[in-house]
file final_7.csv (CSV, N, CA and C atoms)
chain,number,residue,atom,x,y,z
A,1,MET,N,23.8,37.4,-2.0
A,1,MET,CA,24.4,38.2,-1.0
A,1,MET,C,23.8,37.7,0.4
A,2,THR,N,24.6,37.5,1.3
A,2,THR,CA,24.1,37.1,2.7
A,2,THR,C,24.1,38.3,3.6
A,3,SER,N,23.0,38.3,4.4
A,3,SER,CA,22.9,39.4,5.4
A,3,SER,C,23.7,39.0,6.6
A,4,PRO,N,24.2,40.0,7.3
A,4,PRO,CA,25.0,39.7,8.5
A,4,PRO,C,24.1,39.2,9.6
A,5,SER,N,24.7,38.4,10.5
A,5,SER,CA,24.0,37.8,11.6
A,5,SER,C,23.5,38.9,12.6
A,6,HIS,N,22.3,38.7,13.1
A,6,HIS,CA,21.8,39.6,14.1
A,6,HIS,C,21.3,38.7,15.3
A,7,PRO,N,22.1,38.6,16.3
A,7,PRO,CA,21.8,37.7,17.4
A,7,PRO,C,20.4,38.0,18.1
A,8,ASP,N,20.0,39.2,18.2
A,8,ASP,CA,18.7,39.5,18.8
A,8,ASP,C,17.6,39.0,17.9
A,9,ARG,N,17.8,39.2,16.6
A,9,ARG,CA,16.7,38.8,15.7
A,9,ARG,C,16.7,37.2,15.7
A,10,ASP,N,17.9,36.6,15.7
A,10,ASP,CA,17.9,35.2,15.6
A,10,ASP,C,17.3,34.6,16.9
A,11,ARG,N,17.6,35.2,18.0
A,11,ARG,CA,17.0,34.7,19.3
A,11,ARG,C,15.5,34.8,19.3
A,12,LEU,N,15.0,36.0,18.8
A,12,LEU,CA,13.6,36.2,18.7
A,12,LEU,C,12.9,35.2,17.8
A,13,LEU,N,13.5,34.9,16.7
A,13,LEU,CA,12.9,33.9,15.7
A,13,LEU,C,12.9,32.5,16.4
A,14,ALA,N,13.9,32.2,17.1
A,14,ALA,CA,14.0,30.9,17.7
A,14,ALA,C,12.9,30.8,18.8
A,15,ARG,N,12.7,31.8,19.5
A,15,ARG,CA,11.6,31.8,20.5
A,15,ARG,C,10.2,31.7,19.9
A,16,LEU,N,10.0,32.4,18.8
A,16,LEU,CA,8.7,32.4,18.1
A,16,LEU,C,8.4,31.1,17.5
A,17,THR,N,9.4,30.5,16.9
A,17,THR,CA,9.2,29.2,16.2
A,17,THR,C,9.3,28.0,17.1
A,18,GLY,N,9.8,28.1,18.2
A,18,GLY,CA,9.9,27.0,19.2
A,18,GLY,C,11.1,26.1,18.9
A,19,PRO,N,11.3,25.2,19.8
A,19,PRO,CA,12.4,24.3,19.7
A,19,PRO,C,12.2,23.3,18.5
A,20,ARG,N,13.3,22.7,18.1
A,20,ARG,CA,13.3,21.7,17.0
A,20,ARG,C,13.0,20.3,17.6
A,21,GLY,N,13.3,20.1,18.8
A,21,GLY,CA,13.0,18.8,19.4
A,21,GLY,C,11.9,18.9,20.5
A,22,PRO,N,11.8,17.9,21.4
A,22,PRO,CA,10.8,17.9,22.4
A,22,PRO,C,11.0,19.1,23.4
A,23,GLU,N,9.9,19.5,23.9
A,23,GLU,CA,9.9,20.5,25.0
A,23,GLU,C,8.9,20.2,26.0
A,24,LEU,N,9.2,20.5,27.3
A,24,LEU,CA,8.3,20.2,28.4
A,24,LEU,C,7.4,21.4,28.6
A,25,SER,N,6.3,21.1,29.2
A,25,SER,CA,5.4,22.2,29.6
A,25,SER,C,5.9,22.8,30.9
A,26,CYS,N,5.4,23.9,31.4
A,26,CYS,CA,5.9,24.5,32.7
A,26,CYS,C,5.6,23.5,33.8
A,27,GLU,N,4.5,22.9,33.8
A,27,GLU,CA,4.1,21.9,34.8
A,27,GLU,C,5.1,20.7,34.9
A,28,GLU,N,5.5,20.2,33.7
A,28,GLU,CA,6.4,19.1,33.6
A,28,GLU,C,7.8,19.6,34.1
A,29,CYS,N,8.1,20.8,33.7
A,29,CYS,CA,9.4,21.4,34.1
A,29,CYS,C,9.5,21.5,35.6
A,30,PHE,N,8.5,22.0,36.2
A,30,PHE,CA,8.4,22.2,37.7
A,30,PHE,C,8.6,20.8,38.3
A,31,GLU,N,8.0,19.8,37.8
A,31,GLU,CA,8.1,18.4,38.4
A,31,GLU,C,9.5,17.8,38.3
A,32,GLU,N,10.2,18.2,37.3
A,32,GLU,CA,11.6,17.6,37.0
A,32,GLU,C,12.7,18.6,37.4
A,33,LEU,N,12.4,19.8,37.8
A,33,LEU,CA,13.5,20.8,38.0
A,33,LEU,C,14.5,20.4,39.0
A,34,ASP,N,14.1,19.9,40.2
A,34,ASP,CA,15.0,19.5,41.2
A,34,ASP,C,16.0,18.4,40.7
A,35,ARG,N,15.5,17.4,40.0
A,35,ARG,CA,16.3,16.3,39.5
A,35,ARG,C,17.3,16.9,38.4
A,36,TYR,N,16.8,17.8,37.6
A,36,TYR,CA,17.6,18.3,36.5
A,36,TYR,C,18.7,19.1,37.1
A,37,VAL,N,18.5,20.0,38.0
A,37,VAL,CA,19.5,20.8,38.6
A,37,VAL,C,20.5,19.9,39.4
A,38,GLU,N,20.1,18.9,40.1
A,38,GLU,CA,21.0,18.0,40.8
A,38,GLU,C,21.9,17.3,39.8
A,39,LEU,N,21.3,16.9,38.7
A,39,LEU,CA,22.1,16.2,37.6
A,39,LEU,C,23.2,17.2,37.0
A,40,GLU,N,22.8,18.4,36.8
A,40,GLU,CA,23.7,19.4,36.3
A,40,GLU,C,24.9,19.6,37.3
A,41,LEU,N,24.5,19.8,38.5
A,41,LEU,CA,25.6,20.0,39.6
A,41,LEU,C,26.5,18.8,39.7
A,42,ALA,N,26.0,17.6,39.4
A,42,ALA,CA,26.8,16.4,39.5
A,42,ALA,C,27.6,16.1,38.2
A,43,ASP,N,27.5,17.1,37.3
A,43,ASP,CA,28.2,17.0,36.0
A,43,ASP,C,27.7,15.8,35.2
A,44,ALA,N,26.4,15.4,35.4
A,44,ALA,CA,25.8,14.3,34.7
A,44,ALA,C,25.2,14.9,33.4
A,45,ASP,N,24.7,14.1,32.5
A,45,ASP,CA,24.1,14.6,31.3
A,45,ASP,C,22.6,14.9,31.6
A,46,ALA,N,22.3,16.0,32.2
A,46,ALA,CA,20.9,16.3,32.6
A,46,ALA,C,20.0,16.4,31.3
A,47,ASP,N,20.5,16.9,30.2
A,47,ASP,CA,19.7,17.0,29.0
A,47,ASP,C,19.3,15.7,28.4
A,48,ALA,N,20.2,14.7,28.5
A,48,ALA,CA,19.8,13.3,28.1
A,48,ALA,C,18.8,12.7,29.0
A,49,ALA,N,19.0,13.0,30.3
A,49,ALA,CA,18.1,12.4,31.3
A,49,ALA,C,16.7,12.9,31.3
A,50,ILE,N,16.6,14.2,31.0
A,50,ILE,CA,15.3,14.9,30.9
A,50,ILE,C,15.2,15.6,29.6
A,51,PRO,N,14.9,14.9,28.5
A,51,PRO,CA,14.7,15.5,27.2
A,51,PRO,C,13.7,16.6,27.2
A,52,GLY,N,14.0,17.7,26.5
A,52,GLY,CA,13.1,18.8,26.4
A,52,GLY,C,13.2,19.9,27.5
A,53,MET,N,14.0,19.6,28.5
A,53,MET,CA,14.1,20.6,29.6
A,53,MET,C,14.9,21.8,29.1
A,54,ARG,N,16.0,21.5,28.5
A,54,ARG,CA,16.9,22.6,28.0
A,54,ARG,C,16.1,23.6,27.1
A,55,ALA,N,15.3,23.0,26.1
A,55,ALA,CA,14.5,23.8,25.2
A,55,ALA,C,13.5,24.6,26.0
A,56,HIS,N,12.9,24.0,27.0
A,56,HIS,CA,11.9,24.8,27.8
A,56,HIS,C,12.6,25.9,28.5
A,57,LEU,N,13.7,25.7,29.2
A,57,LEU,CA,14.4,26.7,29.9
A,57,LEU,C,14.8,27.8,29.0
A,58,GLU,N,15.2,27.5,27.8
A,58,GLU,CA,15.7,28.6,26.9
A,58,GLU,C,14.5,29.4,26.4
A,59,GLY,N,13.3,28.9,26.4
A,59,GLY,CA,12.1,29.6,26.0
A,59,GLY,C,11.2,30.2,27.0
A,60,CYS,N,11.4,29.8,28.3
A,60,CYS,CA,10.6,30.2,29.4
A,60,CYS,C,11.4,30.9,30.5
A,61,SER,N,11.3,32.2,30.5
A,61,SER,CA,12.1,33.0,31.5
A,61,SER,C,11.8,32.7,32.9
A,62,ALA,N,10.5,32.4,33.2
A,62,ALA,CA,10.0,32.2,34.5
A,62,ALA,C,10.7,30.8,35.1
A,63,CYS,N,10.6,29.8,34.2
A,63,CYS,CA,11.2,28.5,34.7
A,63,CYS,C,12.7,28.6,34.7
A,64,ALA,N,13.3,29.4,33.8
A,64,ALA,CA,14.8,29.5,33.8
A,64,ALA,C,15.2,30.3,35.1
A,65,GLU,N,14.4,31.2,35.5
A,65,GLU,CA,14.7,31.9,36.8
A,65,GLU,C,14.6,31.0,38.0
A,66,ASP,N,13.6,30.1,38.0
A,66,ASP,CA,13.5,29.1,39.0
A,66,ASP,C,14.7,28.2,39.1
A,67,ARG,N,15.1,27.8,37.9
A,67,ARG,CA,16.3,26.9,37.8
A,67,ARG,C,17.5,27.6,38.3
A,68,ASP,N,17.7,28.9,37.9
A,68,ASP,CA,18.9,29.6,38.4
A,68,ASP,C,18.9,29.8,39.9
A,69,SER,N,17.7,30.1,40.5
A,69,SER,CA,17.5,30.3,41.9
A,69,SER,C,17.8,29.0,42.7
A,70,LEU,N,17.3,27.9,42.2
A,70,LEU,CA,17.5,26.6,42.8
A,70,LEU,C,19.0,26.2,42.7
A,71,ARG,N,19.6,26.4,41.6
A,71,ARG,CA,21.0,26.1,41.4
A,71,ARG,C,21.8,26.9,42.4
A,72,ALA,N,21.6,28.2,42.5
A,72,ALA,CA,22.3,29.0,43.4
A,72,ALA,C,22.1,28.6,44.9
A,73,LEU,N,20.9,28.2,45.2
A,73,LEU,CA,20.6,27.7,46.6
A,73,LEU,C,21.4,26.4,46.9
A,74,LEU,N,21.4,25.5,46.0
A,74,LEU,CA,22.1,24.2,46.2
A,74,LEU,C,23.6,24.4,46.3
A,75,ILE,N,24.1,25.3,45.4
A,75,ILE,CA,25.6,25.6,45.5
A,75,ILE,C,25.9,26.3,46.8
A,76,SER,N,25.1,27.2,47.2
A,76,SER,CA,25.3,27.9,48.5
A,76,SER,C,25.3,26.9,49.7
A,77,GLU,N,24.3,26.0,49.7
A,77,GLU,CA,24.2,25.0,50.7
A,77,GLU,C,25.4,24.0,50.7
A,78,ALA,N,25.8,23.6,49.5
A,78,ALA,CA,27.0,22.7,49.4
A,78,ALA,C,28.2,23.4,50.0
A,79,GLY,N,28.4,24.7,49.7
A,79,GLY,CA,29.5,25.5,50.2
A,79,GLY,C,29.5,25.7,51.7
A,80,SER,N,28.3,25.7,52.3
A,80,SER,CA,28.3,25.9,53.8
A,80,SER,C,28.5,24.6,54.5
A,81,HIS,N,28.5,23.5,53.8
A,81,HIS,CA,28.8,22.2,54.5
A,81,HIS,C,30.2,21.8,54.4
A,82,THR,N,31.1,22.6,53.8
A,82,THR,CA,32.5,22.2,53.6
A,82,THR,C,33.3,22.9,54.6
call {"tool": "encode", "arguments": {"input": "final_7.csv", "output": "structure tokens"}}
result
Amino acid sequence: MTSPSHPDRDRLLARLTGPRGPELSCEECFEELDRYVELELADADADAAIPGMRAHLEGCSACAEDRDSLRALLISEAGSHT
């Protein structure tokens, strides 16, 4: 018998066990964040260019918030130049 999926439980387990692949530290994330966001906005494969960034952002709310803020700022700036 299989138990039903519990998204909150699954998310917690994933955060506790960590990523399956490489992951960056917060310091490495900070160093690469500008380039990562610029690649995302250019529709480039940011995850391939900076392995481990996605896993770090999924597990670190502080760095994910920095990414979201930077992304919003760059989108806002791009919109003001058109």
call {"tool": "atom_distance", "arguments": {"input": "final_7.csv", "atom1": "atom CA of Glu27 of chain A", "atom2": "atom N of Ser69 of chain A"}}
result
16.9 Å
call {"tool": "closest_residue", "arguments": {"input": "final_7.csv", "among": "A:Cys26, A:Met53, A:Leu41, A:Glu32", "to": "Ile75 of chain A", "atoms": "all atoms listed in the file"}}
result
A:Leu41
call {"tool": "atom_distance", "arguments": {"input": "final_7.csv", "atom1": "atom N of Tyr36 of chain A", "atom2": "atom N of Ile50 of chain A"}}
result
7.5 Å
call {"tool": "closest_residue", "arguments": {"input": "final_7.csv", "among": "A:Cys63, A:Ala55, A:Asp68, A:Ala46", "to": "Leu24 of chain A", "atoms": "all atoms listed in the file"}}
result
A:Ala55
call {"tool": "closest_residue", "arguments": {"input": "final_7.csv", "among": "A:Glu23, A:Gly59, A:His6, A:Phe30", "to": "Asp47 of chain A", "atoms": "only C-alpha atoms"}}
result
A:Glu23
call {"tool": "decode", "arguments": {"input": "final_7.csv", "residues": "segment 33-71 of chain A", "atoms": "C-alpha atoms", "output": "PDB file, in the first residue's frame"}}
result
ATOM      1  CA  LEU A  33      24.456  35.600  -8.464  1.00  0.00           C
ATOM      2  CA  ASP A  34      24.734  38.545 -10.883  1.00  0.00           C
ATOM      3  CA  ARG A  35      25.859  36.308 -13.739  1.00  0.00           C
ATOM      4  CA  TYR A  36      23.240  33.677 -12.933  1.00  0.00           C
ATOM      5  CA  VAL A  37      20.358  36.171 -12.967  1.00  0.00           C
ATOM      6  CA  GLU A  38      21.634  37.815 -16.156  1.00  0.00           C
ATOM      7  CA  LEU A  39      21.769  34.389 -17.829  1.00  0.00           C
ATOM      8  CA  GLU A  40      18.234  33.609 -16.646  1.00  0.00           C
ATOM      9  CA  LEU A  41      16.928  36.891 -18.021  1.00  0.00           C
ATOM     10  CA  ALA A  42      18.684  36.226 -21.333  1.00  0.00           C
ATOM     11  CA  ASP A  43      16.904  32.838 -21.530  1.00  0.00           C
ATOM     12  CA  ALA A  44      20.292  31.118 -21.418  1.00  0.00           C
ATOM     13  CA  ASP A  45      20.879  27.862 -19.534  1.00  0.00           C
ATOM     14  CA  ALA A  46      21.941  29.426 -16.243  1.00  0.00           C
ATOM     15  CA  ASP A  47      21.850  26.063 -14.468  1.00  0.00           C
ATOM     16  CA  ALA A  48      24.336  24.530 -16.904  1.00  0.00           C
ATOM     17  CA  ALA A  49      26.580  27.603 -16.741  1.00  0.00           C
ATOM     18  CA  ILE A  50      26.652  27.626 -12.938  1.00  0.00           C
ATOM     19  CA  PRO A  51      26.156  24.075 -11.645  1.00  0.00           C
ATOM     20  CA  GLY A  52      24.827  23.859  -8.117  1.00  0.00           C
ATOM     21  CA  MET A  53      23.211  27.293  -8.072  1.00  0.00           C
ATOM     22  CA  ARG A  54      19.639  26.030  -8.495  1.00  0.00           C
ATOM     23  CA  ALA A  55      20.088  23.509  -5.660  1.00  0.00           C
ATOM     24  CA  HIS A  56      21.487  26.207  -3.403  1.00  0.00           C
ATOM     25  CA  LEU A  57      18.670  28.637  -4.164  1.00  0.00           C
ATOM     26  CA  GLU A  58      16.080  25.940  -3.478  1.00  0.00           C
ATOM     27  CA  GLY A  59      17.614  25.245  -0.072  1.00  0.00           C
ATOM     28  CA  CYS A  60      18.652  28.731   1.066  1.00  0.00           C
ATOM     29  CA  SER A  61      15.833  31.213   1.493  1.00  0.00           C
ATOM     30  CA  ALA A  62      18.221  34.139   2.104  1.00  0.00           C
ATOM     31  CA  CYS A  63      20.049  33.633  -1.195  1.00  0.00           C
ATOM     32  CA  ALA A  64      16.777  32.940  -3.014  1.00  0.00           C
ATOM     33  CA  GLU A  65      15.445  36.261  -1.727  1.00  0.00           C
ATOM     34  CA  ASP A  66      18.588  38.027  -2.986  1.00  0.00           C
ATOM     35  CA  ARG A  67      18.082  36.375  -6.391  1.00  0.00           C
ATOM     36  CA  ASP A  68      14.438  37.429  -6.538  1.00  0.00           C
ATOM     37  CA  SER A  69      15.297  41.011  -5.546  1.00  0.00           C
ATOM     38  CA  LEU A  70      18.093  41.283  -8.095  1.00  0.00           C
ATOM     39  CA  ARG A  71      15.902  39.773 -10.795  1.00  0.00           C
TER      40      ARG A  71
END
